[in-house]
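Visitor: So here's run12.cif (mmCIF, C-alpha atoms).
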data_my_file
loop_
_atom_site.group_PDB
_atom_site.id
_atom_site.type_symbol
_atom_site.label_atom_id
_atom_site.label_comp_id
_atom_site.auth_asym_id
_atom_site.auth_seq_id
_atom_site.Cartn_x
_atom_site.Cartn_y
_atom_site.Cartn_z
ATOM 1 C CA MET A 1 -47.712 27.101 -66.620
ATOM 2 C CA ASN A 2 -46.496 23.525 -66.184
ATOM 3 C CA SER A 3 -49.114 20.940 -65.297
ATOM 4 C CA TRP A 4 -49.214 18.971 -62.071
ATOM 5 C CA SER A 5 -48.046 15.371 -61.940
ATOM 6 C CA SER A 6 -49.171 12.922 -59.237
ATOM 7 C CA TRP A 7 -47.022 10.263 -57.579
ATOM 8 C CA PRO A 8 -47.922 7.585 -55.001
ATOM 9 C CA ALA A 9 -46.436 7.650 -51.494
ATOM 10 C CA PRO A 10 -47.337 4.264 -50.000
ATOM 11 C CA ALA A 11 -47.741 3.421 -46.332
ATOM 12 C CA LYS A 12 -45.725 0.768 -44.513
ATOM 13 C CA LEU A 13 -46.384 -1.633 -41.690
ATOM 14 C CA ASN A 14 -43.795 -2.935 -39.243
ATOM 15 C CA LEU A 15 -44.411 -6.681 -39.053
ATOM 16 C CA PHE A 16 -42.170 -6.847 -36.006
ATOM 17 C CA LEU A 17 -39.857 -4.380 -34.274
ATOM 18 C CA GLN A 18 -37.253 -4.676 -31.549
ATOM 19 C CA ILE A 19 -34.397 -2.602 -30.121
ATOM 20 C CA THR A 20 -31.099 -4.405 -29.737
ATOM 21 C CA GLY A 21 -28.876 -1.631 -28.386
ATOM 22 C CA ARG A 22 -27.751 1.936 -28.798
ATOM 23 C CA ARG A 23 -24.965 3.592 -30.755
ATOM 24 C CA ASP A 24 -22.431 5.918 -29.174
ATOM 25 C CA ASP A 25 -24.292 8.882 -30.685
ATOM 26 C CA GLY A 26 -27.476 7.892 -28.836
ATOM 27 C CA TYR A 27 -29.402 6.445 -31.786
ATOM 28 C CA HIS A 28 -31.129 3.152 -31.050
ATOM 29 C CA LEU A 29 -30.277 0.027 -33.024
ATOM 30 C CA LEU A 30 -33.330 -1.715 -34.415
ATOM 31 C CA GLN A 31 -34.428 -4.843 -36.156
ATOM 32 C CA THR A 32 -37.692 -4.664 -38.040
ATOM 33 C CA VAL A 33 -39.497 -5.776 -41.176
ATOM 34 C CA PHE A 34 -41.172 -3.196 -43.382
ATOM 35 C CA GLN A 35 -44.032 -4.286 -45.588
ATOM 36 C CA LEU A 36 -45.285 -1.717 -48.059
ATOM 37 C CA LEU A 37 -48.996 -1.213 -48.710
ATOM 38 C CA ASP A 38 -50.952 -0.366 -51.839
ATOM 39 C CA ARG A 39 -52.521 2.599 -50.031
ATOM 40 C CA GLY A 40 -50.954 5.883 -49.009
ATOM 41 C CA ASP A 41 -50.693 9.583 -49.693
ATOM 42 C CA THR A 42 -50.410 11.246 -53.094
ATOM 43 C CA VAL A 43 -47.657 13.769 -53.799
ATOM 44 C CA ARG A 44 -48.357 16.303 -56.543
ATOM 45 C CA LEU A 45 -45.513 18.175 -58.238
ATOM 46 C CA ARG A 46 -45.410 21.099 -60.654
ATOM 47 C CA MET A 47 -42.156 22.248 -62.167
ATOM 48 C CA ARG A 48 -40.872 25.811 -61.810
ATOM 49 C CA ASP A 49 -37.991 27.524 -63.585
ATOM 50 C CA ASP A 50 -37.237 30.186 -60.966
ATOM 51 C CA GLY A 51 -35.347 27.896 -58.582
ATOM 52 C CA ARG A 52 -37.987 28.151 -55.844
ATOM 53 C CA VAL A 53 -39.477 25.274 -53.871
ATOM 54 C CA GLU A 54 -42.955 26.095 -52.594
ATOM 55 C CA ARG A 55 -45.405 24.029 -50.550
ATOM 56 C CA ARG A 56 -48.934 24.339 -51.911
ATOM 57 C CA SER A 57 -50.775 22.297 -49.270
ATOM 58 C CA GLU A 58 -51.115 22.767 -45.534
ATOM 59 C CA LEU A 59 -49.840 20.422 -42.828
ATOM 60 C CA ALA A 60 -51.267 21.334 -39.448
ATOM 61 C CA GLY A 61 -48.635 22.506 -37.005
ATOM 62 C CA VAL A 62 -45.742 22.162 -39.468
ATOM 63 C CA ALA A 63 -44.156 25.216 -41.048
ATOM 64 C CA PRO A 64 -43.122 24.849 -44.718
ATOM 65 C CA ALA A 65 -39.410 25.041 -43.905
ATOM 66 C CA GLN A 66 -39.743 22.104 -41.489
ATOM 67 C CA ASP A 67 -41.942 19.986 -43.777
ATOM 68 C CA LEU A 68 -40.114 16.850 -44.903
ATOM 69 C CA VAL A 69 -41.311 17.216 -48.497
ATOM 70 C CA VAL A 70 -39.802 20.702 -48.755
ATOM 71 C CA ARG A 71 -36.622 19.551 -47.042
ATOM 72 C CA ALA A 72 -36.401 16.595 -49.421
ATOM 73 C CA ALA A 73 -36.631 18.859 -52.478
ATOM 74 C CA LEU A 74 -34.015 21.226 -51.084
ATOM 75 C CA THR A 75 -31.715 18.299 -50.269
ATOM 76 C CA LEU A 76 -31.898 17.152 -53.890
ATOM 77 C CA LYS A 77 -31.716 20.621 -55.437
ATOM 78 C CA PRO A 78 -27.878 20.887 -55.547
ATOM 79 C CA TYR A 79 -27.909 17.987 -58.037
ATOM 80 C CA ALA A 80 -30.364 19.735 -60.366
ATOM 81 C CA SER A 81 -29.670 22.305 -63.034
ATOM 82 C CA ALA A 82 -29.764 26.020 -62.269
ATOM 83 C CA GLY A 83 -33.306 27.354 -62.053
ATOM 84 C CA ALA A 84 -34.912 24.004 -61.220
ATOM 85 C CA GLY A 85 -37.766 24.441 -58.771
ATOM 86 C CA ALA A 86 -41.068 22.892 -57.839
ATOM 87 C CA ASP A 87 -44.452 23.433 -56.281
ATOM 88 C CA ILE A 88 -45.328 20.568 -53.938
ATOM 89 C CA ALA A 89 -48.722 19.519 -52.626
ATOM 90 C CA VAL A 90 -49.589 16.420 -50.623
ATOM 91 C CA ASP A 91 -53.018 14.829 -50.569
ATOM 92 C CA LYS A 92 -52.923 13.226 -47.119
ATOM 93 C CA ARG A 93 -54.672 9.939 -46.419
ATOM 94 C CA LEU A 94 -52.309 8.617 -43.763
ATOM 95 C CA PRO A 95 -52.690 9.966 -40.221
ATOM 96 C CA LEU A 96 -49.898 11.891 -38.546
ATOM 97 C CA GLY A 97 -48.326 9.964 -35.692
ATOM 98 C CA GLY A 98 -49.841 6.724 -36.933
ATOM 99 C CA GLY A 99 -46.684 4.653 -37.354
ATOM 100 C CA LEU A 100 -47.391 4.161 -41.069
ATOM 101 C CA GLY A 101 -44.463 6.204 -42.354
ATOM 102 C CA GLY A 102 -46.546 8.864 -44.092
ATOM 103 C CA GLY A 103 -44.128 11.767 -43.752
ATOM 104 C CA SER A 104 -41.121 9.629 -44.643
ATOM 105 C CA SER A 105 -42.899 8.163 -47.653
ATOM 106 C CA ASP A 106 -43.950 11.617 -48.865
ATOM 107 C CA ALA A 107 -40.320 12.773 -48.631
ATOM 108 C CA ALA A 108 -39.081 9.681 -50.457
ATOM 109 C CA THR A 109 -41.578 10.209 -53.268
ATOM 110 C CA VAL A 110 -40.384 13.792 -53.665
ATOM 111 C CA LEU A 111 -36.778 12.580 -53.920
ATOM 112 C CA VAL A 112 -37.578 9.832 -56.412
ATOM 113 C CA ALA A 113 -39.934 11.854 -58.597
ATOM 114 C CA LEU A 114 -37.867 15.044 -58.677
ATOM 115 C CA ASN A 115 -34.729 13.048 -59.395
ATOM 116 C CA ARG A 116 -36.477 12.074 -62.623
ATOM 117 C CA LEU A 117 -38.303 15.346 -63.329
ATOM 118 C CA TRP A 118 -35.230 17.463 -62.659
ATOM 119 C CA ASP A 119 -33.033 14.964 -64.529
ATOM 120 C CA CYS A 120 -30.591 14.717 -61.601
ATOM 121 C CA GLY A 121 -29.509 11.223 -62.592
ATOM 122 C CA LEU A 122 -28.833 9.912 -59.076
ATOM 123 C CA ALA A 123 -28.895 6.138 -58.588
ATOM 124 C CA PRO A 124 -31.444 4.724 -56.117
ATOM 125 C CA GLU A 125 -28.708 3.973 -53.578
ATOM 126 C CA ALA A 126 -27.511 7.583 -53.681
ATOM 127 C CA LEU A 127 -31.078 8.820 -53.279
ATOM 128 C CA ALA A 128 -31.540 6.488 -50.306
ATOM 129 C CA GLN A 129 -28.428 7.960 -48.693
ATOM 130 C CA LEU A 130 -29.843 11.457 -49.145
ATOM 131 C CA GLY A 131 -33.099 10.204 -47.678
ATOM 132 C CA LEU A 132 -31.363 8.918 -44.567
ATOM 133 C CA SER A 133 -30.420 12.491 -43.702
ATOM 134 C CA LEU A 134 -34.162 13.237 -43.546
ATOM 135 C CA GLY A 135 -35.226 10.225 -41.501
ATOM 136 C CA ALA A 136 -34.405 6.579 -40.838
ATOM 137 C CA ASP A 137 -37.566 5.330 -42.602
ATOM 138 C CA VAL A 138 -36.999 7.273 -45.814
ATOM 139 C CA PRO A 139 -34.551 4.848 -47.519
ATOM 140 C CA VAL A 140 -36.984 1.900 -47.593
ATOM 141 C CA PHE A 141 -39.516 4.054 -49.441
ATOM 142 C CA VAL A 142 -36.861 5.345 -51.841
ATOM 143 C CA LEU A 143 -35.726 1.823 -52.740
ATOM 144 C CA GLY A 144 -39.334 0.689 -52.953
ATOM 145 C CA ARG A 145 -39.104 -2.876 -51.649
ATOM 146 C CA SER A 146 -40.487 -4.549 -48.559
ATOM 147 C CA ALA A 147 -37.420 -5.305 -46.479
ATOM 148 C CA TRP A 148 -35.697 -6.524 -43.363
ATOM 149 C CA ALA A 149 -34.036 -3.536 -41.666
ATOM 150 C CA GLU A 150 -31.246 -3.192 -39.124
ATOM 151 C CA GLY A 151 -29.022 -0.432 -37.803
ATOM 152 C CA VAL A 152 -31.189 2.650 -37.281
ATOM 153 C CA GLY A 153 -33.446 1.268 -40.012
ATOM 154 C CA GLU A 154 -31.198 2.020 -42.977
ATOM 155 C CA ALA A 155 -29.464 -1.353 -43.473
ATOM 156 C CA LEU A 156 -32.013 -2.983 -45.760
ATOM 157 C CA THR A 157 -32.365 -6.497 -47.155
ATOM 158 C CA PRO A 158 -35.287 -6.885 -49.598
ATOM 159 C CA LEU A 159 -37.697 -9.683 -48.683
ATOM 160 C CA ALA A 160 -40.217 -11.590 -50.758
ATOM 161 C CA LEU A 161 -43.066 -11.610 -48.243
ATOM 162 C CA PRO A 162 -46.585 -12.959 -48.513
ATOM 163 C CA GLU A 163 -48.901 -10.197 -49.744
ATOM 164 C CA PRO A 164 -51.995 -10.528 -47.552
ATOM 165 C CA TRP A 165 -54.855 -8.144 -47.074
ATOM 166 C CA TYR A 166 -54.693 -6.035 -43.950
ATOM 167 C CA VAL A 167 -57.199 -4.092 -41.937
ATOM 168 C CA VAL A 168 -55.540 -0.960 -40.553
ATOM 169 C CA VAL A 169 -57.297 0.824 -37.692
ATOM 170 C CA ASP A 170 -56.606 4.427 -36.767
ATOM 171 C CA PRO A 171 -57.867 5.050 -33.224
ATOM 172 C CA LYS A 172 -57.461 8.783 -33.850
ATOM 173 C CA THR A 173 -54.624 9.002 -31.332
ATOM 174 C CA PRO A 174 -51.403 10.515 -32.718
ATOM 175 C CA VAL A 175 -48.399 9.071 -30.902
ATOM 176 C CA PRO A 176 -45.153 11.106 -30.929
ATOM 177 C CA THR A 177 -42.140 8.834 -31.295
ATOM 178 C CA ALA A 178 -39.343 10.723 -29.529
ATOM 179 C CA PRO A 179 -40.796 10.578 -25.981
ATOM 180 C CA LEU A 180 -41.305 6.817 -26.241
ATOM 181 C CA PHE A 181 -37.567 6.237 -26.598
ATOM 182 C CA GLN A 182 -37.129 7.833 -23.171
ATOM 183 C CA VAL A 183 -39.613 5.573 -21.369
ATOM 184 C CA ALA A 184 -37.894 3.615 -18.599
ATOM 185 C CA GLU A 185 -39.656 0.301 -19.241
ATOM 186 C CA LEU A 186 -38.855 0.229 -22.969
ATOM 187 C CA THR A 187 -36.796 -2.891 -23.750
ATOM 188 C CA ARG A 188 -33.555 -1.731 -25.328
ATOM 189 C CA ASP A 189 -31.432 -4.883 -25.180
ATOM 190 C CA ALA A 190 -33.360 -7.539 -27.095
ATOM 191 C CA ARG A 191 -31.329 -10.441 -28.378
ATOM 192 C CA ALA A 192 -30.650 -10.017 -32.080
ATOM 193 C CA THR A 193 -32.714 -12.307 -34.250
ATOM 194 C CA THR A 194 -32.435 -13.453 -37.857
ATOM 195 C CA ILE A 195 -34.363 -13.333 -41.112
ATOM 196 C CA PRO A 196 -34.997 -17.118 -41.087
ATOM 197 C CA ARG A 197 -36.527 -16.880 -37.612
ATOM 198 C CA PHE A 198 -38.823 -14.103 -38.763
ATOM 199 C CA LEU A 199 -39.835 -15.980 -41.896
ATOM 200 C CA ALA A 200 -40.582 -19.027 -39.766
ATOM 201 C CA GLY A 201 -43.048 -16.967 -37.732
ATOM 202 C CA ALA A 202 -40.978 -16.743 -34.551
ATOM 203 C CA GLU A 203 -40.899 -12.929 -34.473
ATOM 204 C CA THR A 204 -44.120 -10.906 -34.419
ATOM 205 C CA SER A 205 -43.784 -8.587 -31.422
ATOM 206 C CA ASN A 206 -43.349 -4.824 -31.407
ATOM 207 C CA VAL A 207 -41.317 -3.409 -28.524
ATOM 208 C CA PHE A 208 -43.465 -0.273 -28.488
ATOM 209 C CA GLU A 209 -46.808 -2.080 -28.231
ATOM 210 C CA PRO A 210 -46.966 -2.495 -24.419
ATOM 211 C CA VAL A 211 -45.560 0.990 -23.863
ATOM 212 C CA VAL A 212 -48.062 2.668 -26.196
ATOM 213 C CA SER A 213 -50.988 0.565 -24.978
ATOM 214 C CA ALA A 214 -50.301 1.581 -21.380
ATOM 215 C CA ARG A 215 -50.298 5.273 -22.242
ATOM 216 C CA TYR A 216 -52.959 5.522 -24.946
ATOM 217 C CA PRO A 217 -56.208 3.753 -24.002
ATOM 218 C CA ALA A 218 -57.677 4.119 -27.494
ATOM 219 C CA VAL A 219 -54.749 2.194 -28.985
ATOM 220 C CA ALA A 220 -55.189 -0.568 -26.400
ATOM 221 C CA ALA A 221 -58.905 -0.679 -27.185
ATOM 222 C CA ALA A 222 -58.265 -0.938 -30.931
ATOM 223 C CA LEU A 223 -55.872 -3.840 -30.401
ATOM 224 C CA GLN A 224 -58.471 -5.558 -28.244
ATOM 225 C CA TRP A 225 -61.205 -4.978 -30.842
ATOM 226 C CA LEU A 226 -59.113 -6.727 -33.505
ATOM 227 C CA GLU A 227 -58.201 -9.749 -31.340
ATOM 228 C CA PRO A 228 -61.071 -11.991 -32.530
ATOM 229 C CA TYR A 229 -59.881 -11.644 -36.124
ATOM 230 C CA GLY A 230 -56.207 -12.585 -35.823
ATOM 231 C CA ARG A 231 -53.000 -11.387 -34.198
ATOM 232 C CA PRO A 232 -53.319 -7.590 -33.991
ATOM 233 C CA ARG A 233 -50.122 -5.559 -33.960
ATOM 234 C CA LEU A 234 -48.982 -1.990 -33.555
ATOM 235 C CA SER A 235 -47.173 -0.456 -36.520
ATOM 236 C CA GLY A 236 -43.962 1.381 -35.721
ATOM 237 C CA SER A 237 -44.405 3.446 -32.595
ATOM 238 C CA GLY A 238 -48.165 3.785 -33.210
ATOM 239 C CA GLY A 239 -50.859 4.728 -32.952
ATOM 240 C CA CYS A 240 -52.321 2.692 -35.866
ATOM 241 C CA VAL A 241 -52.845 -1.039 -35.413
ATOM 242 C CA PHE A 242 -53.453 -3.773 -37.940
ATOM 243 C CA VAL A 243 -54.353 -7.397 -38.517
ATOM 244 C CA ASP A 244 -53.872 -9.563 -41.594
ATOM 245 C CA VAL A 245 -56.804 -11.430 -43.107
ATOM 246 C CA GLU A 246 -57.208 -13.980 -45.899
ATOM 247 C CA ALA A 247 -59.257 -12.136 -48.493
ATOM 248 C CA GLU A 248 -60.145 -8.669 -49.728
ATOM 249 C CA ALA A 249 -63.852 -9.132 -48.982
ATOM 250 C CA GLU A 250 -63.081 -10.043 -45.380
ATOM 251 C CA ALA A 251 -60.831 -7.017 -45.018
ATOM 252 C CA VAL A 252 -63.404 -4.644 -46.469
ATOM 253 C CA ALA A 253 -66.170 -6.034 -44.254
ATOM 254 C CA LEU A 254 -64.080 -5.798 -41.101
ATOM 255 C CA ALA A 255 -62.995 -2.239 -41.892
ATOM 256 C CA ALA A 256 -66.635 -1.273 -42.411
ATOM 257 C CA ALA A 257 -67.478 -2.650 -38.955
ATOM 258 C CA CYS A 258 -64.943 -0.402 -37.227
ATOM 259 C CA PRO A 259 -66.341 1.592 -34.271
ATOM 260 C CA ARG A 260 -67.472 5.031 -35.380
ATOM 261 C CA GLU A 261 -65.012 6.912 -33.176
ATOM 262 C CA TRP A 262 -62.123 5.382 -35.123
ATOM 263 C CA SER A 263 -61.426 4.885 -38.809
ATOM 264 C CA ALA A 264 -60.274 1.784 -40.644
ATOM 265 C CA TRP A 265 -59.448 0.694 -44.153
ATOM 266 C CA ALA A 266 -58.432 -2.383 -46.123
ATOM 267 C CA ALA A 267 -55.043 -2.430 -47.856
ATOM 268 C CA ARG A 268 -52.982 -5.028 -49.655
ATOM 269 C CA GLY A 269 -49.438 -5.778 -48.602
ATOM 270 C CA VAL A 270 -47.050 -5.424 -51.545
ATOM 271 C CA ASN A 271 -43.397 -6.250 -51.965
ATOM 272 C CA ARG A 272 -42.855 -3.652 -54.676
ATOM 273 C CA SER A 273 -43.809 -0.024 -54.234
ATOM 274 C CA PRO A 274 -46.406 1.488 -56.554
ATOM 275 C CA LEU A 275 -43.966 4.384 -56.866
ATOM 276 C CA LEU A 276 -41.649 2.160 -58.917
ATOM 277 C CA ALA A 277 -44.500 1.378 -61.302
ATOM 278 C CA ALA A 278 -45.200 5.105 -61.644
ATOM 279 C CA LEU A 279 -41.530 5.701 -62.502
ATOM 280 C CA GLU A 280 -41.627 2.988 -65.161
ATOM 281 C CA SER A 281 -44.764 4.494 -66.699
ATOM 282 C CA PHE A 282 -43.091 7.898 -66.785
ATOM 283 C CA ALA A 283 -39.975 6.453 -68.403
ATOM 284 C CA ALA A 284 -42.179 4.807 -71.034
ATOM 285 C CA GLY A 285 -43.668 8.146 -71.919
ATOM 286 C CA ALA A 286 -46.909 7.959 -69.962
ATOM 287 C CA SER A 287 -47.853 10.980 -67.875
ATOM 288 C CA PRO A 288 -47.977 10.344 -64.109
ATOM 289 C CA SER A 289 -50.803 12.864 -63.867
ATOM 290 C CA ARG A 290 -54.047 11.492 -62.506
#
Show me this structure written as structure tokens.
Guide:
Amino acid sequence: MNSWSSWPAPAKLNLFLQITGRRDDGYHLLQTVFQLLDRGDTVRLRMRDDGRVERRSELAGVAPAQDLVVRAALTLKPYASAGAGADIAVDKRLPLGGGLGGGSSDAATVLVALNRLWDCGLAPEALAQLGLSLGADVPVFVLGRSAWAEGVGEALTPLALPEPWYVVVDPKTPVPTAPLFQVAELTRDARATTIPRFLAGAETSNVFEPVVSARYPAVAAALQWLEPYGRPRLSGSGGCVFVDVEAEAEAVALAAACPREWSAWAARGVNRSPLLAALESFAAGASPSR
């Protein structure tokens, strides 16, 4: 029996997010900045030679056939040799509906890791294109760089961002994304901005923040709780919120002070995904098993 290998699936934060319009097919046009974190889920993979892809961990309310990690493996499978298969398990740390990209990151890690383990030989750009068919956030995790994003989130420009410590608060309120796009008061016609304006600090708002706060009191309360410590923000469409702080010790102390009905953790912003480091270790002959 083949052994399991473990691969990181980092979280992301949206440092700002706005909607600038809508395509003819109904998809919204966005501008956002993704910053990757050094914390996330762990995807475990075990090779099979019977061509089957099997999920070996549970995801509440999601059937295996609909799970993004299974779909990612099946999307890549036509590029693998006959008989290539895998068992997939995900050790979840990121909350569902938290706006941290957990499901998309898990899928991206499956694509990246199996591309290597199955010896598919696809370039990162080709993998990112496959990932886009699974979700708009998947390509940024495949390419593994913090980035400015436009279009539906797939037009990416890598950014060298500061790498602060963050405190991320989960108010234990999953927020489904699709209904939010139908909310009447959602601003869908923001004026397009630029990378220099963002880097100068002119753009920090998230179009979903007032909409989510009005509908989910726990999210509003978490934002309010963080206000004394900086400029709290919603990530993605929620429900997790975050604030940046100057030092690791400050982040750890603030996370420990989180109200008991929520959870919080400290994480470092990173410009380069830990998944890329895991790939390099594998290429150098080190086992990704942990």
Visitor: Per residue of range 34-145 of chain A within 12 Å of range 168-171 of chain A, which atom pair is closest and at what distance in Å (one decimal), using only C-alpha atoms, listed by chain and increasing number, as CSV?
Guide:
residue,atom,partner,partner_atom,distance
A:Leu37,CA,A:Val168,CA,10.5
A:Arg39,CA,A:Val168,CA,10.6
A:Gly40,CA,A:Val168,CA,11.8
A:Arg93,CA,A:Asp170,CA,11.3
A:Leu94,CA,A:Asp170,CA,9.2
A:Pro95,CA,A:Asp170,CA,7.6
A:Leu96,CA,A:Asp170,CA,10.2
A:Gly97,CA,A:Asp170,CA,10.0
A:Gly98,CA,A:Asp170,CA,7.1
A:Gly99,CA,A:Asp170,CA,9.9
A:Leu100,CA,A:Val168,CA,9.6
Visitor: Taking only C-alpha atoms into account, which of A:Val152, A:Val62, A:Cys120, A:Val90 comes nearest Gly21 in chain A?
Guide: A:Val152
Visitor: Using only C-alpha atoms for the distances, tell me which of A:Asn206, A:Ser105, A:Asn271, A:Ser57 is nearest to Asp87 in chain A.
Guide: A:Ser57
Visitor: Name the residues that the PyMOL selection byres ((chain A and resi 7-12) around 8) picks from the file above, as JSON, numbers by chain, using the file's chain letters and numbers.
Guide: {"A": [5, 6, 13, 14, 34, 35, 36, 37, 38, 39, 40, 41, 42, 43, 44, 94, 100, 101, 102, 105, 106, 108, 109, 113, 141, 273, 274, 275, 278, 288, 289]}
Visitor: Export C-alpha atoms of the chosen residues as a PDB file, keeping the file's coordinate frame?
Guide:
ATOM      1  CA  SER A   5     -48.046  15.371 -61.940  1.00  0.00           C
ATOM      2  CA  SER A   6     -49.171  12.922 -59.237  1.00  0.00           C
ATOM      3  CA  LEU A  13     -46.384  -1.633 -41.690  1.00  0.00           C
ATOM      4  CA  ASN A  14     -43.795  -2.935 -39.243  1.00  0.00           C
ATOM      5  CA  PHE A  34     -41.172  -3.196 -43.382  1.00  0.00           C
ATOM      6  CA  GLN A  35     -44.032  -4.286 -45.588  1.00  0.00           C
ATOM      7  CA  LEU A  36     -45.285  -1.717 -48.059  1.00  0.00           C
ATOM      8  CA  LEU A  37     -48.996  -1.213 -48.710  1.00  0.00           C
ATOM      9  CA  ASP A  38     -50.952  -0.366 -51.839  1.00  0.00           C
ATOM     10  CA  ARG A  39     -52.521   2.599 -50.031  1.00  0.00           C
ATOM     11  CA  GLY A  40     -50.954   5.883 -49.009  1.00  0.00           C
ATOM     12  CA  ASP A  41     -50.693   9.583 -49.693  1.00  0.00           C
ATOM     13  CA  THR A  42     -50.410  11.246 -53.094  1.00  0.00           C
ATOM     14  CA  VAL A  43     -47.657  13.769 -53.799  1.00  0.00           C
ATOM     15  CA  ARG A  44     -48.357  16.303 -56.543  1.00  0.00           C
ATOM     16  CA  LEU A  94     -52.309   8.617 -43.763  1.00  0.00           C
ATOM     17  CA  LEU A 100     -47.391   4.161 -41.069  1.00  0.00           C
ATOM     18  CA  GLY A 101     -44.463   6.204 -42.354  1.00  0.00           C
ATOM     19  CA  GLY A 102     -46.546   8.864 -44.092  1.00  0.00           C
ATOM     20  CA  SER A 105     -42.899   8.163 -47.653  1.00  0.00           C
ATOM     21  CA  ASP A 106     -43.950  11.617 -48.865  1.00  0.00           C
ATOM     22  CA  ALA A 108     -39.081   9.681 -50.457  1.00  0.00           C
ATOM     23  CA  THR A 109     -41.578  10.209 -53.268  1.00  0.00           C
ATOM     24  CA  ALA A 113     -39.934  11.854 -58.597  1.00  0.00           C
ATOM     25  CA  PHE A 141     -39.516   4.054 -49.441  1.00  0.00           C
ATOM     26  CA  SER A 273     -43.809  -0.024 -54.234  1.00  0.00           C
ATOM     27  CA  PRO A 274     -46.406   1.488 -56.554  1.00  0.00           C
ATOM     28  CA  LEU A 275     -43.966   4.384 -56.866  1.00  0.00           C
ATOM     29  CA  ALA A 278     -45.200   5.105 -61.644  1.00  0.00           C
ATOM     30  CA  PRO A 288     -47.977  10.344 -64.109  1.00  0.00           C
ATOM     31  CA  SER A 289     -50.803  12.864 -63.867  1.00  0.00           C
TER      32      SER A 289
END
Visitor: Rank A:Cys258, A:Val183, A:Val142, A:Leu15 by their smallest atom-to-atom distance to Asp244 in chain A, using only C-alpha atoms, and report the top residue only.
Guide: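 Smallest distance to Asp244 in chain A is found for A:Leu15.
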Visitor: Apply the PyMOL selection byres ((chain A and resi 81) around 12) to the file shown and report the selected residues as a VMD selection string.
Guide: chain A and resid 48 to 51 76 to 80 82 to 85 114 to 115 117 to 121
Visitor: Which value, in Å to one decimal, gives the distance between CA of Ala264 in chain A and CA of Gly230 in chain A?
Guide: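 CA of Gly230 in chain A lies 15.7 Å from CA of Ala264 in chain A.
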Visitor: For range 184-198 of chain A, list every protein, DNA or RNA residue within 9 Å, evaluated using all atoms listed in the file, and leave out those in the same chain fewer than 2 positions away; present the list as a list in words.
Guide: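 Close residues of range 184-198 of chain A: Phe16, Gln18, Ile19, Thr20, Gly21, Arg22, His28, Leu29, Gln31, Val33, Trp148, Leu180, Phe181, Gln182, Ala200, Gly201, Ala202, Glu203, Thr204, Val207, Phe208, Pro210 and Val211 of chain A.
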Visitor: Given all atoms listed in the file as the basis, pick out the residue of A:Glu227, A:Ala73, A:Asn2, A:Ala251 nearest to Arg52 in chain A.
Guide: A:Ala73
Visitor: Need the shell around Ala86 in chain A: protein/DNA/RNA residues with any atom at most 6 Å away, counting only C-alpha atoms. Skip same-chain ones fewer than 2 positions apart. Format as a list of chain:residue names?
Guide: A:Arg46, A:Met47, A:Arg48, A:Val53
Visitor: How would you write, as JSON, numbers by chain, the residues chosen by the PyMOL selection byres ((chain A and resi 216) around 10) on this structure?
Guide: {"A": [171, 173, 174, 175, 211, 212, 213, 214, 215, 217, 218, 219, 220, 221, 238, 239]}
Visitor: Around (-61.2, -3.9, -52.2) in the file's own coordinates, what residues are found within 9 Å if you use only C-alpha atoms, given back as a PDB file with C-alpha atoms, in the frame of the given file?
Guide:
ATOM      1  CA  GLU A 248     -60.145  -8.669 -49.728  1.00  0.00           C
ATOM      2  CA  ALA A 249     -63.852  -9.132 -48.982  1.00  0.00           C
ATOM      3  CA  ALA A 251     -60.831  -7.017 -45.018  1.00  0.00           C
ATOM      4  CA  VAL A 252     -63.404  -4.644 -46.469  1.00  0.00           C
ATOM      5  CA  ALA A 266     -58.432  -2.383 -46.123  1.00  0.00           C
ATOM      6  CA  ALA A 267     -55.043  -2.430 -47.856  1.00  0.00           C
ATOM      7  CA  ARG A 268     -52.982  -5.028 -49.655  1.00  0.00           C
TER       8      ARG A 268
END
Visitor: Quick one: pull the distance between CA of Ala89 in chain A and CA of Leu111 in chain A, Å, one decimal.
Guide: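 Between these atoms lies a distance of 13.9 Å.
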Visitor: I'd like to know which of A:Leu199, A:Leu276, A:Val167, A:Ile88 is closest to Leu254 in chain A, using all atoms listed in the file.
Guide: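 Of A:Leu199, A:Leu276, A:Val167, A:Ile88, the one nearest Leu254 in chain A is A:Val167, counting all atoms listed in the file.
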Visitor: Could you check how far CA of Gly144 in chain A sits from CA of Arg55 in chain A, in Å to one decimal?
Guide: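 Going from CA of Gly144 in chain A over to CA of Arg55 in chain A covers 24.2 Å.
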